[in-house]
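Structure first, commentary second.
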Amino acid sequence: MSGRTKTLLTKYGCCAAFVALLAYVYISARDFAGAELWEQLVMICDALTIPGSLLILAGAMIWVSNMGALDGLSYAVIWTIKSLIPGARVGMDETYADYVERKREKPIRGYGFLFIAGGITMAAAIVFLIAYRFFD
């Protein structure tokens, strides 16, 4: 198996495990077995909507971070944390402009799978929503 195939299987496998875990936690907290069919469809729809939206929002957060929308906030948080740790600011002479330039040199890549996995999960949730509307 090639390295690219292993990487893709790992990425999508982790997303599938994340979706399965959150869906299991959501459904196990409710009386799924004792519910009527339409209630079960709503529970499954909700159980898939939560992790699907989280995957899409995580991808969106990385995307806007690559665009520079969170540079000021991340610089302020790093500076504050290093200020609170004794001795951590000794070698910290990086200005905000240097920080932004360093971040632009190495953007985060390979996060498109979050949008794809989230979209597939949301599509499955929409299927259960449509099924609920037919059984209502």
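Residues are referred to by chain and number: the chain letter is A, B, ... according to the order shown in the structure tokens, the number counts from 1 in that chain, and ligands are numbered separately from 1 in the order shown.
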Residues near Thr7 in chain A, cut-off 12 Å, only C-alpha atoms, skip fewer than 6 positions along chain, as a short mmCIF file (atom, residue, chain, number, x, y, z; two decimals) with N, CA and C atoms, in the first residue's frame:
data_model
loop_
_atom_site.label_atom_id
_atom_site.label_comp_id
_atom_site.auth_asym_id
_atom_site.auth_seq_id
_atom_site.Cartn_x
_atom_site.Cartn_y
_atom_site.Cartn_z
N MET A 1 0.85 -1.17 0.00
CA MET A 1 0.00 0.00 0.00
C MET A 1 0.90 1.23 0.00
N GLY A 13 -10.35 7.43 8.29
CA GLY A 13 -10.63 6.49 9.37
C GLY A 13 -10.81 7.19 10.70
N CYS A 14 -9.94 8.18 10.96
CA CYS A 14 -10.08 8.96 12.19
C CYS A 14 -11.38 9.75 12.20
N GLY A 110 -3.51 20.15 3.73
CA GLY A 110 -4.07 18.81 3.85
C GLY A 110 -5.23 18.71 4.82
N TYR A 111 -6.05 19.72 4.89
CA TYR A 111 -7.20 19.68 5.79
C TYR A 111 -8.52 19.62 5.03
N PHE A 113 -9.91 17.13 3.80
CA PHE A 113 -10.66 15.93 4.17
C PHE A 113 -11.69 16.23 5.25
#
- Message: Can you pull out the residues contacting Pro107 in chain A? Cut-off 9 Å, using only C-alpha atoms, and skip same-chain residues under 2 positions away; I want them as a count of residues only.
- Response: 7
- Message: Taking only C-alpha atoms into account, name the residue in A:Ile108, A:Gly72, A:Trp63, A:Ile81 that is nearest to Thr95 in chain A.
- Response: A:Gly72
- Query: Can you list, as a ChimeraX atom specification, every protein, DNA or RNA residue that comes within 8 Å of Thr49 in chain A when you count only C-alpha atoms, leaving out same-chain residues fewer than 5 positions away?
  - Reply: /A:121-122,125
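Pairwise distance (CA of Glu101 in chain A, CA of Ser83 in chain A) equals 21.8 Å.
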- Message: Quick one: residues within 12 Å of Arg133 in chain A, only C-alpha atoms, excluding same-chain residues fewer than 5 positions away - as a PyMOL selection string?
- Response: chain A and resi 37-39+41-42+45+126-128
How would the residues just picked look written out with N, CA and C atoms as a PDB file, in the first residue's frame?
ATOM      1  N   LEU A  37     -40.367   4.721  15.525  1.00  0.00           N
ATOM      2  CA  LEU A  37     -39.509   4.822  14.352  1.00  0.00           C
ATOM      3  C   LEU A  37     -39.171   6.269  14.021  1.00  0.00           C
ATOM      4  N   TRP A  38     -40.146   7.150  14.056  1.00  0.00           N
ATOM      5  CA  TRP A  38     -39.884   8.534  13.702  1.00  0.00           C
ATOM      6  C   TRP A  38     -38.956   9.186  14.720  1.00  0.00           C
ATOM      7  N   GLU A  39     -39.064   8.801  15.991  1.00  0.00           N
ATOM      8  CA  GLU A  39     -38.152   9.341  17.007  1.00  0.00           C
ATOM      9  C   GLU A  39     -36.736   8.806  16.804  1.00  0.00           C
ATOM     10  N   LEU A  41     -35.436   8.000  13.908  1.00  0.00           N
ATOM     11  CA  LEU A  41     -34.885   8.724  12.762  1.00  0.00           C
ATOM     12  C   LEU A  41     -34.398  10.111  13.160  1.00  0.00           C
ATOM     13  N   VAL A  42     -35.132  10.791  14.030  1.00  0.00           N
ATOM     14  CA  VAL A  42     -34.718  12.107  14.507  1.00  0.00           C
ATOM     15  C   VAL A  42     -33.433  11.989  15.327  1.00  0.00           C
ATOM     16  N   CYS A  45     -30.554  11.417  12.970  1.00  0.00           N
ATOM     17  CA  CYS A  45     -30.273  12.662  12.264  1.00  0.00           C
ATOM     18  C   CYS A  45     -29.486  13.623  13.155  1.00  0.00           C
ATOM     19  N   ILE A 126     -29.043  14.433   6.402  1.00  0.00           N
ATOM     20  CA  ILE A 126     -30.154  14.946   5.594  1.00  0.00           C
ATOM     21  C   ILE A 126     -31.016  13.790   5.083  1.00  0.00           C
ATOM     22  N   VAL A 127     -30.387  12.654   4.753  1.00  0.00           N
ATOM     23  CA  VAL A 127     -31.153  11.482   4.322  1.00  0.00           C
ATOM     24  C   VAL A 127     -32.094  11.028   5.437  1.00  0.00           C
ATOM     25  N   PHE A 128     -31.591  10.987   6.675  1.00  0.00           N
ATOM     26  CA  PHE A 128     -32.447  10.594   7.796  1.00  0.00           C
ATOM     27  C   PHE A 128     -33.510  11.657   8.084  1.00  0.00           C
TER      28      PHE A 128
END
- Task: Would you list the contacts of range 114-119 of chain A as a list of chain:residue names, taking every protein, DNA or RNA residue within 8 Å and counting only C-alpha atoms, but skipping same-chain residues closer than 2 positions in sequence?
- Result: A:Tyr12, A:Cys15, A:Ala16, A:Pro51, A:Gly52, A:Ser53, A:Leu54, A:Leu55, A:Ile56, A:Ala58, A:Gly59, A:Tyr111, A:Gly112, A:Thr121, A:Met122, A:Ala123
Store the residues picked out above, limited to N, CA, C and O atoms, as a short mmCIF file (atom, residue, chain, number, x, y, z; two decimals), in the first residue's frame.
data_model
loop_
_atom_site.label_atom_id
_atom_site.label_comp_id
_atom_site.auth_asym_id
_atom_site.auth_seq_id
_atom_site.Cartn_x
_atom_site.Cartn_y
_atom_site.Cartn_z
N TYR A 12 -9.39 9.63 6.92
CA TYR A 12 -10.82 9.34 6.86
C TYR A 12 -11.25 8.32 7.92
O TYR A 12 -12.37 8.36 8.40
N CYS A 15 -11.75 10.31 11.04
CA CYS A 15 -13.02 11.04 10.95
C CYS A 15 -14.20 10.11 11.18
O CYS A 15 -15.15 10.46 11.89
N ALA A 16 -14.15 8.92 10.59
CA ALA A 16 -15.23 7.96 10.77
C ALA A 16 -15.33 7.51 12.22
O ALA A 16 -16.43 7.37 12.77
N PRO A 51 -21.50 15.69 14.83
CA PRO A 51 -20.11 15.52 14.38
C PRO A 51 -19.86 16.07 12.97
O PRO A 51 -18.77 16.55 12.68
N GLY A 52 -20.88 16.02 12.10
CA GLY A 52 -20.71 16.57 10.76
C GLY A 52 -20.44 18.06 10.79
O GLY A 52 -19.54 18.56 10.10
N SER A 53 -21.22 18.77 11.59
CA SER A 53 -20.99 20.22 11.68
C SER A 53 -19.67 20.53 12.37
O SER A 53 -18.99 21.49 12.01
N LEU A 54 -19.26 19.72 13.35
CA LEU A 54 -17.96 19.94 14.00
C LEU A 54 -16.81 19.74 13.02
O LEU A 54 -15.83 20.50 13.05
N LEU A 55 -16.89 18.74 12.16
CA LEU A 55 -15.84 18.52 11.16
C LEU A 55 -15.77 19.68 10.18
O LEU A 55 -14.68 20.17 9.86
N ILE A 56 -16.91 20.14 9.70
CA ILE A 56 -16.93 21.26 8.76
C ILE A 56 -16.40 22.52 9.43
O ILE A 56 -15.60 23.27 8.85
N ALA A 58 -14.32 22.71 11.98
CA ALA A 58 -12.88 22.58 12.22
C ALA A 58 -12.10 22.91 10.94
O ALA A 58 -11.08 23.61 10.99
N GLY A 59 -12.58 22.42 9.81
CA GLY A 59 -11.94 22.77 8.54
C GLY A 59 -12.02 24.25 8.24
O GLY A 59 -11.05 24.85 7.76
N TYR A 111 -6.05 19.72 4.89
CA TYR A 111 -7.20 19.68 5.79
C TYR A 111 -8.52 19.62 5.03
O TYR A 111 -9.59 19.65 5.65
N GLY A 112 -8.48 19.47 3.74
CA GLY A 112 -9.70 19.38 2.94
C GLY A 112 -10.55 18.16 3.26
O GLY A 112 -11.76 18.17 3.04
N THR A 121 -21.07 13.26 6.16
CA THR A 121 -21.84 13.03 7.38
C THR A 121 -23.12 13.87 7.38
O THR A 121 -24.19 13.38 7.76
N MET A 122 -23.02 15.11 6.95
CA MET A 122 -24.21 15.96 6.89
C MET A 122 -25.19 15.45 5.83
O MET A 122 -26.40 15.55 6.01
N ALA A 123 -24.68 14.92 4.73
CA ALA A 123 -25.56 14.34 3.70
C ALA A 123 -26.31 13.14 4.26
O ALA A 123 -27.51 12.98 3.99
#
- Test item, helix (DSSP H, G or I) assignment across range 18-89 of chain A, answer as a VMD selection string: chain A and resid 18 to 28 37 to 67 71 to 84
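Excluding Lys82 in chain A and any residue on its chain fewer than 6 positions from it, the residues at most 9 Å away by only C-alpha atoms are Ala88, Arg89 and Met92 of chain A.
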- Have a look at CA of Arg102 in chain A and CA of Leu8 in chain A and let me know their distance in Å, one decimal.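 Interatomic distance, CA of Arg102 in chain A to CA of Leu8 in chain A: 28.1 Å.
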- Message: Could you list, as a list in words, every residue within 12 Å of Arg30 in chain A, counting only C-alpha atoms and ignoring same-chain residues fewer than 5 positions away?
- Response: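 In the requested form, the answer reads Ala23, Tyr24, Val25, Ala35, Glu39, Gln40, Val42, Met43, Ile44, Asp46 and Ala47 of chain A.
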- Query: What is the CA of Leu48 in chain A-CA of Ala124 in chain A distance in Å, reported with one decimal?
  - Reply: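 Between these atoms lies a distance of 7.2 Å.
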